[in-house]
Amino acid sequence: MKYLVKTFGCQMNEHDSEILAGMMEQIGYEQVERPEDADAIIINTCCVRESAENRIIGYIGNLKKLKEQNPGLIITVSGCMLQQPGAAEKLIKRAPFVDLVLGTHNIHRLPQLISERQGGNESLIEVAETEGDIQEELPVKRQGNIKAQVTIMYGCNNFCSYCIVPFVRGRERSRKPEAIEKEIKCLGAEGFKEVLLLGQNVNSYGLDFTEAFDFADLLERVDRNPDIERIRYMTSHPRDFTQKLVDTISKSQKVCEHFHLPIQAGSNRILKQMNRGYSREMYFELVESIREKVPKASITTDIIVGFPGETDDDFADTLDVIKRVRFDAAYTFLYSRRSGTPAAKMSEQVPAEEKKRRLQILMDLENSISREINEKLVGTREEVLVEGTSKTKDIMFSGRTRTNKIVIFPGNESMIGKLVNVNIMSAKTWHLEGQIIK
Ligand code: SAH
Ligand code: SF4
Ligand code: F3S
């Protein structure tokens with residue numbers, strides 16, 4: 001029997017898909033690339049923006065034909081989208097050929113439900129409203145063997161006013177440090193070189209413990225693992241980025257000099273409406289402290305344009321922040337109204353055309369800054385973890401610097417998974433090009 005997992009959404013979802021795949025293999029299924037070849041298809045969904053949901057609905061719609069050709073095909077739809085009130089029932093109505101629906105807190109039940117579905121005719125829906133216990137020791141089928149994702153905490157308590165994640169992922173729950181260390185130890189022994197510690201807000205890690213043990217303490221422990229070369233984390237919230245954390249990172253050997261700090265907006269008025277818990281001034285101070293303690297640091301961000309009530313002046317503040325901080329890269333999004341969130345009810349929604357106009361201005365500015373920053377790296381030497389062949393030119397290899405920049409260079413297969421030194425010869429907006437130093 002063959003299966004395929006199609007993933008939409010963030011890294012947390014990608015990692016959930018690795019677990020879904022692990023469970024499928026445990027019950028004897030083999031992975032395939034094409035939906036036509038599969039006996040079971042699992043679509044792991046995202047609902048952070050409407051555009052994501054539309055793409056998913058389109059993808060599911062296209063599976064109807066496959067189901068007609070192969071009535072034994074089991075179609076499962078799981079994850080965030082289904083965790084919204086009434087979403088599972090709505091989906092089954094719209095796409096009655098879907099066999100199983102699983103909420104974000106139910107993915108560990110996949111094997112059981114597949115076997116139940118095989119014995120019956122009805123579509124099965126399992127969407128728990130509350131979190132339940134953290135499931136340890138689930139099988140994982142990792143993508144690749146160089147970089148691994150490790151969940152350190154689940155859920156989010158922040159309730160940023162635009163965001164649906166806290167509603168679909170539940171409250172914050174931290175994994176025990178021992179469980180995390182054990183997983184990373186195994187990864188090191190298996191030859192993985194890099195770990196990405198995952199959570200919606202990694203720096204509130206441990207706040208739910210009775211003993212004092214926070215994200216900085218966790219990094220310090222993971223840093224001692226002799227087999228792992230690089231440690232990254234995703235995502236950190238600027239409000240909770242303590243001086244202790246900056247100091248810990250600056251002293252660590254393996255935690256990479258890359259800070260992804262979503263600012264979301266540059267105007268204090270909008271930040272307040274967003275319920276982000278910091279001002280632009282606090283953000284500038286944090287950036288200053290990072291630049292002082294970790295001089296090589298790259299800093300990237302997420303920005304939303306067109307939050308309800310965003311005026312030209314508010315938007316000008318966002319552009320001003322970009323010019324002042326000079327981000328290495330910014331992921332920019334059009335505000336998307338998510339039902340159930342406080343911002344969806346705010347009266348002054350910004351017209352779609354205006355949102356797009358602002359987004360374009362923002363992207364043009366950021367692209368020119370990203371390029372200028374990259375150009376300054378020409379002539380320097382960078383340590384690169386080689387990941388594989390480059391997607392664009394097949395004789396070229398690609399990897400990342402500690403600062404998370406993509407570098408493309410001529411190389412060979414034997415370098416994959418190794419750290420190499422590369423002379424940077426030229427710079428583009430989104431990547432660098434260079435030659436390996438022999
Ligand atoms: N927990 C992370 C990321 C969550 S989602 C954090 O707090 O940074 C990733 C990004 O999607 C967010 O940083 C935000 O920029 C964007 N996003 C979330 N909700 C959105 C919405 N309703 N419309 C547009 N972008 C949104
Ligand atoms: Fe959403 Fe805010 Fe939580 Fe990030 S911190 S997941 S943006 S509510
Ligand atoms: Fe999307 Fe869920 Fe991640 S809504 S962004 S997949 S937590």
# chains A, B, ... in the order shown; residues from 1 in each chain; ligands from 1
$ closest_atom_pairs --of "chain A" --to "ligand 3" --cutoff "6 Å" --atoms "only C-alpha atoms and all ligand atoms" --output "Markdown table"
| residue | atom | partner | partner_atom_place_in_ligand_line | distance |
| --- | --- | --- | --- | --- |
| A:Gly9 | CA | ligand 3 | 6 (S) | 4.0 |
| A:Cys10 | CA | ligand 3 | 3 (Fe) | 4.1 |
| A:Met12 | CA | ligand 3 | 3 (Fe) | 5.8 |
| A:Asn13 | CA | ligand 3 | 6 (S) | 4.9 |
| A:Cys46 | CA | ligand 3 | 1 (Fe) | 3.7 |
| A:Cys47 | CA | ligand 3 | 4 (S) | 4.2 |
| A:Val48 | CA | ligand 3 | 4 (S) | 4.1 |
| A:Cys80 | CA | ligand 3 | 2 (Fe) | 4.6 |
| A:Val165 | CA | ligand 3 | 4 (S) | 5.3 |
$ residues_near_ligand --ligand "ligand 1" --cutoff "6 Å" --atoms "only C-alpha atoms and all ligand atoms" --output "list in words"
Val48, Arg49, Tyr162, Cys163, Gln200, Asn201, Thr235, His237, Pro262, Gln264, Asp302, Ile303, Ile304, Phe333, Leu334, Tyr335, Ser336, Arg337 and Arg338 of chain A
$ select_by_dssp --residues "range 51-292 of chain A" --states "helix (DSSP H, G or I)" --output "ChimeraX atom specification"
/A:51-69,80-83,87-94,107-118,165-169,177-189,202-204,215-223,238-240,243-251,268-274,280-292
$ closest_atom_pairs --of "range 370-417 of chain A" --to "range 123-144 of chain A" --cutoff "12 Å" --atoms "only C-alpha atoms" --output "JSON lines"
{"residue": "A:Glu387", "atom": "CA", "partner": "A:Gly144", "partner_atom": "CA", "distance": 9.1}
{"residue": "A:Gly388", "atom": "CA", "partner": "A:Gly144", "partner_atom": "CA", "distance": 10.0}
{"residue": "A:Ile416", "atom": "CA", "partner": "A:Gly144", "partner_atom": "CA", "distance": 11.0}
{"residue": "A:Gly417", "atom": "CA", "partner": "A:Gly144", "partner_atom": "CA", "distance": 10.0}
$ select_by_dssp --residues "range 205-431 of chain A" --states "strand (DSSP E or B)" --output "number ranges by chain"
A: 230-234, 255, 258-260, 264, 298-305, 329-334, 381-389, 396-401, 406-410, 419-427, 431
$ closest_residue --among "A:Arg276, A:Lys176, A:His431, A:Arg232" --to "Leu207 in chain A" --atoms "only C-alpha atoms"
A:Lys176
$ closest_residue --among "A:Thr401, A:Ser289, A:Ser368, A:Ser161" --to "Ala344 in chain A" --atoms "only C-alpha atoms"
A:Ser161
$ residues_around --residues "range 17-22 of chain A" --least-positions-apart "2" --cutoff "12 Å" --atoms "only C-alpha atoms" --output "compact mmCIF listing (two decimals) with all heavy atoms, in the first residue's frame"
# COMPACT_ATOMS: atom_id res chain seq x y z
N LYS A 2 0.40 2.27 -0.69
CA LYS A 2 1.22 3.48 -0.88
C LYS A 2 0.50 4.71 -0.27
O LYS A 2 -0.73 4.78 -0.30
CB LYS A 2 1.42 3.74 -2.36
CG LYS A 2 1.89 2.52 -3.16
CD LYS A 2 3.39 2.43 -3.11
CE LYS A 2 4.00 1.56 -4.16
NZ LYS A 2 3.65 0.16 -4.10
N TYR A 3 1.28 5.66 0.23
CA TYR A 3 0.67 6.87 0.78
C TYR A 3 1.43 8.12 0.32
O TYR A 3 2.57 8.04 -0.14
CB TYR A 3 0.66 6.83 2.32
CG TYR A 3 2.02 7.18 2.92
CD1 TYR A 3 2.30 8.48 3.34
CD2 TYR A 3 3.02 6.22 3.01
CE1 TYR A 3 3.55 8.80 3.86
CE2 TYR A 3 4.27 6.54 3.53
CZ TYR A 3 4.52 7.84 3.95
OH TYR A 3 5.76 8.16 4.45
N LEU A 4 0.75 9.23 0.48
CA LEU A 4 1.37 10.53 0.17
C LEU A 4 0.83 11.54 1.18
O LEU A 4 -0.36 11.53 1.50
CB LEU A 4 0.97 10.92 -1.24
CG LEU A 4 1.30 12.30 -1.78
CD1 LEU A 4 1.72 12.16 -3.22
CD2 LEU A 4 0.12 13.24 -1.70
N VAL A 5 1.72 12.39 1.72
CA VAL A 5 1.27 13.47 2.60
C VAL A 5 1.53 14.79 1.90
O VAL A 5 2.66 15.05 1.47
CB VAL A 5 2.01 13.46 3.96
CG1 VAL A 5 1.45 14.55 4.88
CG2 VAL A 5 1.92 12.11 4.65
N LYS A 6 0.51 15.58 1.74
CA LYS A 6 0.66 16.90 1.13
C LYS A 6 0.50 17.94 2.23
O LYS A 6 -0.50 17.96 2.95
CB LYS A 6 -0.42 17.06 0.05
CG LYS A 6 -0.54 18.44 -0.51
CD LYS A 6 0.51 18.72 -1.56
CE LYS A 6 0.40 20.16 -2.05
NZ LYS A 6 1.57 20.55 -2.83
N THR A 7 1.52 18.81 2.39
CA THR A 7 1.52 19.74 3.52
C THR A 7 1.33 21.18 3.07
O THR A 7 1.98 21.63 2.13
CB THR A 7 2.87 19.66 4.26
OG1 THR A 7 3.18 18.30 4.47
CG2 THR A 7 2.83 20.39 5.59
N PHE A 8 0.49 21.90 3.77
CA PHE A 8 0.36 23.35 3.60
C PHE A 8 0.74 23.98 4.93
O PHE A 8 0.54 23.37 5.99
CB PHE A 8 -1.09 23.72 3.26
CG PHE A 8 -1.53 23.19 1.91
CD1 PHE A 8 -2.03 21.89 1.79
CD2 PHE A 8 -1.43 23.97 0.76
CE1 PHE A 8 -2.43 21.39 0.55
CE2 PHE A 8 -1.83 23.47 -0.47
CZ PHE A 8 -2.33 22.19 -0.58
N GLY A 9 1.28 25.22 4.90
CA GLY A 9 1.48 25.92 6.17
C GLY A 9 2.91 25.96 6.66
O GLY A 9 3.86 25.76 5.90
N CYS A 10 3.04 26.15 7.97
CA CYS A 10 4.33 26.50 8.57
C CYS A 10 5.16 25.25 8.90
O CYS A 10 4.75 24.12 8.69
CB CYS A 10 4.09 27.29 9.84
SG CYS A 10 3.26 26.34 11.12
N GLN A 11 6.33 25.51 9.49
CA GLN A 11 7.23 24.41 9.86
C GLN A 11 6.62 23.45 10.88
O GLN A 11 6.90 22.27 10.86
CB GLN A 11 8.53 24.98 10.45
CG GLN A 11 9.66 24.89 9.47
CD GLN A 11 10.16 26.25 9.06
OE1 GLN A 11 9.52 27.27 9.35
NE2 GLN A 11 11.28 26.29 8.40
N MET A 12 5.76 23.99 11.75
CA MET A 12 5.11 23.11 12.73
C MET A 12 4.30 22.06 11.98
O MET A 12 4.23 20.90 12.35
CB MET A 12 4.13 23.90 13.62
CG MET A 12 4.74 25.00 14.43
SD MET A 12 5.74 24.39 15.78
CE MET A 12 4.50 23.93 16.96
N ASN A 13 3.65 22.53 10.92
CA ASN A 13 2.83 21.61 10.14
C ASN A 13 3.71 20.63 9.36
O ASN A 13 3.36 19.47 9.21
CB ASN A 13 1.96 22.41 9.17
CG ASN A 13 0.50 22.17 9.42
OD1 ASN A 13 0.12 21.84 10.52
ND2 ASN A 13 -0.31 22.31 8.39
N GLU A 14 4.83 21.13 8.84
CA GLU A 14 5.74 20.22 8.13
C GLU A 14 6.19 19.10 9.05
O GLU A 14 6.29 17.95 8.65
CB GLU A 14 6.95 20.98 7.60
CG GLU A 14 6.64 21.65 6.28
CD GLU A 14 7.81 22.40 5.73
OE1 GLU A 14 8.96 22.03 6.03
OE2 GLU A 14 7.55 23.38 5.01
N HIS A 15 6.47 19.49 10.30
CA HIS A 15 6.91 18.47 11.23
C HIS A 15 5.77 17.51 11.60
O HIS A 15 5.98 16.30 11.70
CB HIS A 15 7.54 19.10 12.46
CG HIS A 15 8.15 18.08 13.37
ND1 HIS A 15 9.05 17.13 12.92
CD2 HIS A 15 7.98 17.83 14.69
CE1 HIS A 15 9.39 16.35 13.93
NE2 HIS A 15 8.76 16.75 15.01
N MET A 24 2.21 6.26 9.06
CA MET A 24 1.81 5.48 7.88
C MET A 24 2.82 4.37 7.61
O MET A 24 2.44 3.25 7.27
CB MET A 24 1.69 6.39 6.64
CG MET A 24 0.54 7.37 6.69
SD MET A 24 -1.06 6.59 6.97
CE MET A 24 -1.43 5.93 5.36
N GLU A 25 4.11 4.69 7.76
CA GLU A 25 5.13 3.66 7.50
C GLU A 25 5.05 2.56 8.56
O GLU A 25 5.25 1.40 8.26
CB GLU A 25 6.53 4.29 7.45
CG GLU A 25 6.55 5.44 6.47
CD GLU A 25 7.66 5.43 5.45
OE1 GLU A 25 8.74 4.90 5.76
OE2 GLU A 25 7.43 5.97 4.35
N GLN A 26 4.73 2.98 9.78
CA GLN A 26 4.63 1.99 10.85
C GLN A 26 3.52 0.97 10.58
O GLN A 26 3.62 -0.18 10.98
CB GLN A 26 4.37 2.71 12.17
CG GLN A 26 4.79 1.90 13.37
CD GLN A 26 4.66 2.71 14.64
OE1 GLN A 26 3.67 3.39 14.88
NE2 GLN A 26 5.67 2.62 15.50
N ILE A 27 2.46 1.41 9.89
CA ILE A 27 1.39 0.44 9.59
C ILE A 27 1.57 -0.16 8.19
O ILE A 27 0.63 -0.72 7.61
CB ILE A 27 -0.03 1.03 9.78
CG1 ILE A 27 -0.25 2.28 8.93
CG2 ILE A 27 -0.30 1.32 11.25
CD1 ILE A 27 -1.70 2.77 8.91
N GLY A 28 2.77 0.00 7.65
CA GLY A 28 3.12 -0.77 6.45
C GLY A 28 2.96 -0.06 5.11
O GLY A 28 3.12 -0.67 4.07
N TYR A 29 2.65 1.22 5.14
CA TYR A 29 2.53 1.95 3.87
C TYR A 29 3.90 2.45 3.40
O TYR A 29 4.79 2.70 4.20
CB TYR A 29 1.60 3.16 4.03
CG TYR A 29 0.12 2.84 4.01
CD1 TYR A 29 -0.51 2.27 5.12
CD2 TYR A 29 -0.65 3.12 2.90
CE1 TYR A 29 -1.87 2.00 5.12
CE2 TYR A 29 -2.01 2.86 2.87
CZ TYR A 29 -2.62 2.30 3.99
OH TYR A 29 -3.96 2.04 3.98
N GLU A 30 4.01 2.65 2.08
CA GLU A 30 5.26 3.16 1.48
C GLU A 30 4.97 4.51 0.83
O GLU A 30 3.93 4.68 0.20
CB GLU A 30 5.64 2.24 0.33
CG GLU A 30 6.91 1.47 0.48
CD GLU A 30 7.04 0.54 -0.70
OE1 GLU A 30 7.36 1.04 -1.80
OE2 GLU A 30 6.76 -0.66 -0.52
N GLN A 31 5.94 5.42 0.92
CA GLN A 31 5.72 6.77 0.40
C GLN A 31 5.81 6.82 -1.13
O GLN A 31 6.69 6.19 -1.70
CB GLN A 31 6.78 7.70 0.99
CG GLN A 31 6.45 9.16 0.84
CD GLN A 31 7.39 10.03 1.68
OE1 GLN A 31 8.56 9.71 1.85
NE2 GLN A 31 6.87 11.12 2.18
N VAL A 32 4.91 7.57 -1.76
CA VAL A 32 5.02 7.83 -3.21
C VAL A 32 4.92 9.33 -3.46
O VAL A 32 4.51 10.10 -2.59
CB VAL A 32 3.92 7.11 -4.03
CG1 VAL A 32 4.18 5.63 -4.10
CG2 VAL A 32 2.52 7.41 -3.50
N ALA A 40 -3.56 5.98 -0.05
CA ALA A 40 -3.99 6.87 1.03
C ALA A 40 -3.33 8.24 0.81
O ALA A 40 -2.13 8.31 0.57
CB ALA A 40 -3.58 6.31 2.38
N ILE A 41 -4.14 9.30 0.85
CA ILE A 41 -3.60 10.65 0.70
C ILE A 41 -4.00 11.44 1.94
O ILE A 41 -5.17 11.42 2.35
CB ILE A 41 -4.15 11.36 -0.56
CG1 ILE A 41 -3.75 10.56 -1.81
CG2 ILE A 41 -3.65 12.80 -0.65
CD1 ILE A 41 -4.29 11.14 -3.11
N ILE A 42 -3.01 12.10 2.55
CA ILE A 42 -3.29 12.90 3.73
C ILE A 42 -2.96 14.35 3.40
O ILE A 42 -1.85 14.64 2.95
CB ILE A 42 -2.43 12.43 4.92
CG1 ILE A 42 -2.78 10.97 5.22
CG2 ILE A 42 -2.65 13.28 6.16
CD1 ILE A 42 -1.61 10.14 5.58
N ILE A 43 -3.92 15.22 3.59
CA ILE A 43 -3.68 16.64 3.32
C ILE A 43 -3.63 17.34 4.66
O ILE A 43 -4.62 17.38 5.40
CB ILE A 43 -4.81 17.24 2.44
CG1 ILE A 43 -4.89 16.44 1.13
CG2 ILE A 43 -4.55 18.70 2.11
CD1 ILE A 43 -6.21 15.77 0.95
N ASN A 44 -2.46 17.86 5.00
CA ASN A 44 -2.28 18.53 6.29
C ASN A 44 -2.40 20.03 6.07
O ASN A 44 -1.61 20.62 5.36
CB ASN A 44 -0.91 18.13 6.87
CG ASN A 44 -0.80 18.44 8.34
OD1 ASN A 44 -1.81 18.70 9.01
ND2 ASN A 44 0.41 18.42 8.85
N THR A 45 -3.41 20.63 6.67
CA THR A 45 -3.85 21.96 6.24
C THR A 45 -3.42 23.12 7.13
O THR A 45 -3.06 22.93 8.30
CB THR A 45 -5.39 22.00 6.19
OG1 THR A 45 -5.88 21.80 7.53
CG2 THR A 45 -5.95 20.93 5.27
N CYS A 46 -3.54 24.32 6.57
CA CYS A 46 -3.22 25.59 7.24
C CYS A 46 -4.39 26.53 7.02
O CYS A 46 -5.06 26.47 6.00
CB CYS A 46 -1.96 26.16 6.61
SG CYS A 46 -1.55 27.84 7.13
N THR A 76 -7.59 11.65 3.74
CA THR A 76 -7.65 12.22 5.09
C THR A 76 -7.31 13.70 5.00
O THR A 76 -6.36 14.07 4.32
CB THR A 76 -6.60 11.54 6.00
OG1 THR A 76 -6.86 10.14 6.02
CG2 THR A 76 -6.64 12.09 7.42
N VAL A 77 -8.06 14.53 5.68
CA VAL A 77 -7.72 15.95 5.75
C VAL A 77 -7.50 16.27 7.23
O VAL A 77 -8.37 15.98 8.06
CB VAL A 77 -8.82 16.84 5.14
CG1 VAL A 77 -8.35 18.28 5.07
CG2 VAL A 77 -9.20 16.36 3.74
N SER A 78 -6.32 16.81 7.55
CA SER A 78 -5.99 17.02 8.96
C SER A 78 -5.50 18.44 9.19
O SER A 78 -5.25 19.18 8.24
CB SER A 78 -4.87 16.04 9.36
OG SER A 78 -3.69 16.38 8.66
N GLY A 79 -5.37 18.79 10.45
CA GLY A 79 -4.66 20.02 10.81
C GLY A 79 -5.52 21.24 11.05
O GLY A 79 -6.73 21.16 11.24
N LEU A 102 -9.18 14.96 10.72
CA LEU A 102 -8.48 14.95 12.01
C LEU A 102 -8.08 16.36 12.42
O LEU A 102 -7.48 17.09 11.63
CB LEU A 102 -7.16 14.16 11.88
CG LEU A 102 -7.23 12.65 11.71
CD1 LEU A 102 -5.82 12.12 11.53
CD2 LEU A 102 -7.87 12.04 12.94
N THR A 104 -5.98 19.21 14.93
CA THR A 104 -4.55 19.31 15.27
C THR A 104 -4.19 18.47 16.50
O THR A 104 -3.05 18.05 16.65
CB THR A 104 -4.12 20.76 15.56
OG1 THR A 104 -4.99 21.29 16.57
CG2 THR A 104 -4.22 21.65 14.34
N ASN A 106 -5.45 15.57 17.20
CA ASN A 106 -5.84 14.17 16.99
C ASN A 106 -4.94 13.43 16.01
O ASN A 106 -5.25 12.29 15.67
CB ASN A 106 -7.28 14.12 16.44
CG ASN A 106 -8.25 14.85 17.33
OD1 ASN A 106 -8.31 16.07 17.29
ND2 ASN A 106 -8.99 14.13 18.15
N ILE A 107 -3.87 14.06 15.55
CA ILE A 107 -3.14 13.41 14.45
C ILE A 107 -2.58 12.04 14.84
O ILE A 107 -2.49 11.16 14.00
CB ILE A 107 -2.04 14.31 13.84
CG1 ILE A 107 -1.00 14.68 14.87
CG2 ILE A 107 -2.60 15.54 13.17
CD1 ILE A 107 0.25 15.26 14.24
N HIS A 108 -2.27 11.85 16.14
CA HIS A 108 -1.72 10.55 16.56
C HIS A 108 -2.72 9.41 16.37
O HIS A 108 -2.37 8.25 16.47
CB HIS A 108 -1.26 10.62 18.03
CG HIS A 108 -2.39 10.94 18.98
ND1 HIS A 108 -2.91 12.20 19.12
CD2 HIS A 108 -3.09 10.15 19.83
CE1 HIS A 108 -3.89 12.18 20.01
NE2 HIS A 108 -4.02 10.94 20.46
N ARG A 109 -3.99 9.75 16.12
CA ARG A 109 -5.03 8.73 15.98
C ARG A 109 -5.15 8.22 14.55
O ARG A 109 -6.00 7.37 14.25
CB ARG A 109 -6.36 9.33 16.45
CG ARG A 109 -6.37 9.64 17.94
CD ARG A 109 -7.00 8.55 18.72
NE ARG A 109 -8.37 8.35 18.26
CZ ARG A 109 -8.97 7.17 18.20
NH1 ARG A 109 -8.35 6.09 18.58
NH2 ARG A 109 -10.22 7.07 17.75
N LEU A 110 -4.31 8.73 13.64
CA LEU A 110 -4.44 8.36 12.23
C LEU A 110 -4.48 6.84 11.97
O LEU A 110 -5.40 6.37 11.30
CB LEU A 110 -3.32 9.04 11.41
CG LEU A 110 -3.32 8.71 9.92
CD1 LEU A 110 -4.50 9.36 9.21
CD2 LEU A 110 -2.02 9.17 9.26
N PRO A 111 -3.52 6.06 12.51
CA PRO A 111 -3.54 4.63 12.17
C PRO A 111 -4.84 3.95 12.57
O PRO A 111 -5.44 3.20 11.80
CB PRO A 111 -2.36 4.05 12.97
CG PRO A 111 -1.49 5.21 13.28
CD PRO A 111 -2.37 6.42 13.35
N ILE A 114 -7.69 5.00 10.23
CA ILE A 114 -7.60 4.39 8.90
C ILE A 114 -8.17 2.98 8.97
O ILE A 114 -8.95 2.57 8.11
CB ILE A 114 -6.13 4.37 8.40
CG1 ILE A 114 -5.73 5.80 8.05
CG2 ILE A 114 -5.95 3.41 7.22
CD1 ILE A 114 -4.78 6.00 6.95
N GLN A 135 2.02 13.99 23.13
CA GLN A 135 2.28 12.62 22.70
C GLN A 135 3.77 12.46 22.42
O GLN A 135 4.29 13.06 21.48
CB GLN A 135 1.50 12.31 21.41
CG GLN A 135 0.00 12.46 21.55
CD GLN A 135 -0.62 11.36 22.39
OE1 GLN A 135 -0.17 10.21 22.34
NE2 GLN A 135 -1.64 11.71 23.16
N GLU A 136 4.46 11.70 23.27
CA GLU A 136 5.88 11.43 23.04
C GLU A 136 6.02 10.13 22.27
O GLU A 136 5.08 9.34 22.18
CB GLU A 136 6.64 11.34 24.37
CG GLU A 136 6.77 12.68 25.10
CD GLU A 136 7.67 13.69 24.41
OE1 GLU A 136 8.39 13.31 23.46
OE2 GLU A 136 7.63 14.88 24.78
N GLU A 137 7.22 9.93 21.72
CA GLU A 137 7.57 8.64 21.10
C GLU A 137 6.72 8.28 19.87
O GLU A 137 6.56 7.11 19.57
CB GLU A 137 7.49 7.48 22.11
CG GLU A 137 8.19 7.72 23.45
CD GLU A 137 9.71 7.66 23.36
OE1 GLU A 137 10.23 6.97 22.46
OE2 GLU A 137 10.38 8.33 24.18
N LEU A 138 6.17 9.25 19.19
CA LEU A 138 5.48 8.93 17.93
C LEU A 138 6.55 8.70 16.86
O LEU A 138 7.61 9.32 16.90
CB LEU A 138 4.55 10.08 17.51
CG LEU A 138 3.30 10.30 18.39
CD1 LEU A 138 2.55 11.56 17.94
CD2 LEU A 138 2.38 9.10 18.35
N PRO A 139 6.27 7.82 15.91
CA PRO A 139 7.28 7.59 14.86
C PRO A 139 7.40 8.83 13.96
O PRO A 139 6.42 9.53 13.75
CB PRO A 139 6.71 6.42 14.08
CG PRO A 139 5.24 6.43 14.35
CD PRO A 139 5.06 7.03 15.71
N VAL A 140 8.61 9.10 13.47
CA VAL A 140 8.83 10.26 12.61
C VAL A 140 9.55 9.81 11.36
O VAL A 140 10.57 9.13 11.45
CB VAL A 140 9.74 11.32 13.30
CG1 VAL A 140 9.81 12.60 12.47
CG2 VAL A 140 9.26 11.63 14.70
N LYS A 141 9.03 10.17 10.19
CA LYS A 141 9.81 9.94 8.98
C LYS A 141 10.32 11.30 8.52
O LYS A 141 9.57 12.13 8.02
CB LYS A 141 8.95 9.33 7.88
CG LYS A 141 9.76 9.14 6.61
CD LYS A 141 9.00 8.39 5.56
CE LYS A 141 9.64 8.52 4.20
NZ LYS A 141 10.97 7.91 4.10
N ARG A 142 11.63 11.54 8.75
CA ARG A 142 12.16 12.88 8.49
C ARG A 142 12.44 13.08 7.01
O ARG A 142 12.80 12.14 6.31
CB ARG A 142 13.44 13.07 9.29
CG ARG A 142 13.16 12.92 10.77
CD ARG A 142 14.20 13.55 11.62
NE ARG A 142 13.88 13.33 13.02
CZ ARG A 142 13.25 14.21 13.79
NH1 ARG A 142 12.92 15.38 13.34
NH2 ARG A 142 12.97 13.91 15.05
N GLN A 143 12.27 14.34 6.59
CA GLN A 143 12.64 14.69 5.22
C GLN A 143 14.12 15.00 5.25
O GLN A 143 14.54 15.93 5.92
CB GLN A 143 11.91 15.95 4.76
CG GLN A 143 10.43 15.77 4.62
CD GLN A 143 9.74 17.10 4.34
OE1 GLN A 143 10.36 18.15 4.34
NE2 GLN A 143 8.46 17.03 4.10
N GLY A 144 14.91 14.22 4.54
CA GLY A 144 16.35 14.49 4.49
C GLY A 144 17.06 13.95 5.71
O GLY A 144 16.44 13.45 6.66
N ALA A 148 17.10 18.57 11.01
CA ALA A 148 15.91 17.95 11.62
C ALA A 148 15.13 18.98 12.41
O ALA A 148 15.71 19.88 13.02
CB ALA A 148 16.33 16.81 12.53
N GLN A 149 13.82 18.82 12.39
CA GLN A 149 12.96 19.71 13.16
C GLN A 149 12.57 19.03 14.46
O GLN A 149 12.21 17.85 14.46
CB GLN A 149 11.70 20.00 12.35
CG GLN A 149 12.04 20.62 11.00
CD GLN A 149 10.83 20.81 10.11
OE1 GLN A 149 9.87 20.08 10.19
NE2 GLN A 149 10.89 21.82 9.28
N VAL A 150 12.65 19.77 15.56
CA VAL A 150 12.32 19.22 16.87
C VAL A 150 11.34 20.16 17.56
O VAL A 150 11.67 21.32 17.81
CB VAL A 150 13.60 19.07 17.73
CG1 VAL A 150 13.25 18.59 19.13
CG2 VAL A 150 14.60 18.13 17.06
N THR A 151 10.16 19.67 17.83
CA THR A 151 9.18 20.52 18.52
C THR A 151 9.59 20.68 19.98
O THR A 151 9.89 19.68 20.64
CB THR A 151 7.77 19.87 18.46
OG1 THR A 151 7.46 19.66 17.09
CG2 THR A 151 6.73 20.76 19.09
$ residues_around --residues "Glu229 in chain A" --least-positions-apart "4" --cutoff "9 Å" --atoms "only C-alpha atoms" --output "PyMOL selection string"
chain A and resi 192-195+223+225+253-255+419
$ write_last_selection --atoms "N, CA and C atoms" --output "tab-separated table (two decimals), in the first residue's frame"
chain	number	residue	atom	x	y	z
A	192	PHE	N	22.60	13.65	11.87
A	192	PHE	CA	22.04	14.98	11.55
A	192	PHE	C	23.00	16.06	12.04
A	193	LYS	N	23.12	17.14	11.25
A	193	LYS	CA	24.06	18.20	11.58
A	193	LYS	C	23.39	19.44	12.18
A	194	GLU	N	22.12	19.60	11.88
A	194	GLU	CA	21.45	20.83	12.31
A	194	GLU	C	20.09	20.50	12.91
A	195	VAL	N	19.73	21.17	14.01
A	195	VAL	CA	18.36	21.03	14.53
A	195	VAL	C	17.67	22.39	14.52
A	223	ASP	N	23.28	23.13	23.27
A	223	ASP	CA	24.58	23.58	22.74
A	223	ASP	C	25.71	22.61	23.11
A	225	ASN	N	25.59	19.40	23.01
A	225	ASN	CA	25.57	18.14	22.25
A	225	ASN	C	26.74	18.12	21.25
A	253	GLN	N	28.19	28.07	21.18
A	253	GLN	CA	29.02	27.70	20.04
A	253	GLN	C	28.17	27.46	18.80
A	254	LYS	N	27.01	26.85	19.02
A	254	LYS	CA	26.28	26.26	17.89
A	254	LYS	C	25.01	26.99	17.51
A	255	VAL	N	24.49	27.81	18.43
A	255	VAL	CA	23.27	28.54	18.08
A	255	VAL	C	23.64	29.56	17.00
A	419	LEU	N	30.34	20.70	6.42
A	419	LEU	CA	30.58	22.14	6.52
A	419	LEU	C	31.76	22.49	5.63
$ residues_around --residues "Gln349 in chain A" --least-positions-apart "4" --cutoff "8 Å" --atoms "only C-alpha atoms" --output "ChimeraX atom specification"
/A:306-309
$ closest_residue --among "A:Ile60, A:Gln435, A:Val246, A:Glu382" --to "Ile92 in chain A" --atoms "only C-alpha atoms"
A:Ile60
$ atom_distance --atom1 "CA of Lys244 in chain A" --atom2 "CA of Thr403 in chain A"
20.5 Å
$ residues_around --residues "Asp217 in chain A" --least-positions-apart "6" --cutoff "10 Å" --atoms "only C-alpha atoms" --output "MDAnalysis selection string"
chainID A and resid 177 205:206 223 244:245 248
$ residues_around --residues "Thr242 in chain A" --least-positions-apart "2" --cutoff "12 Å" --atoms "only C-alpha atoms" --output "number ranges by chain"
A: 203-204, 214-216, 236-240, 244-249, 282-283, 285-287, 289-290
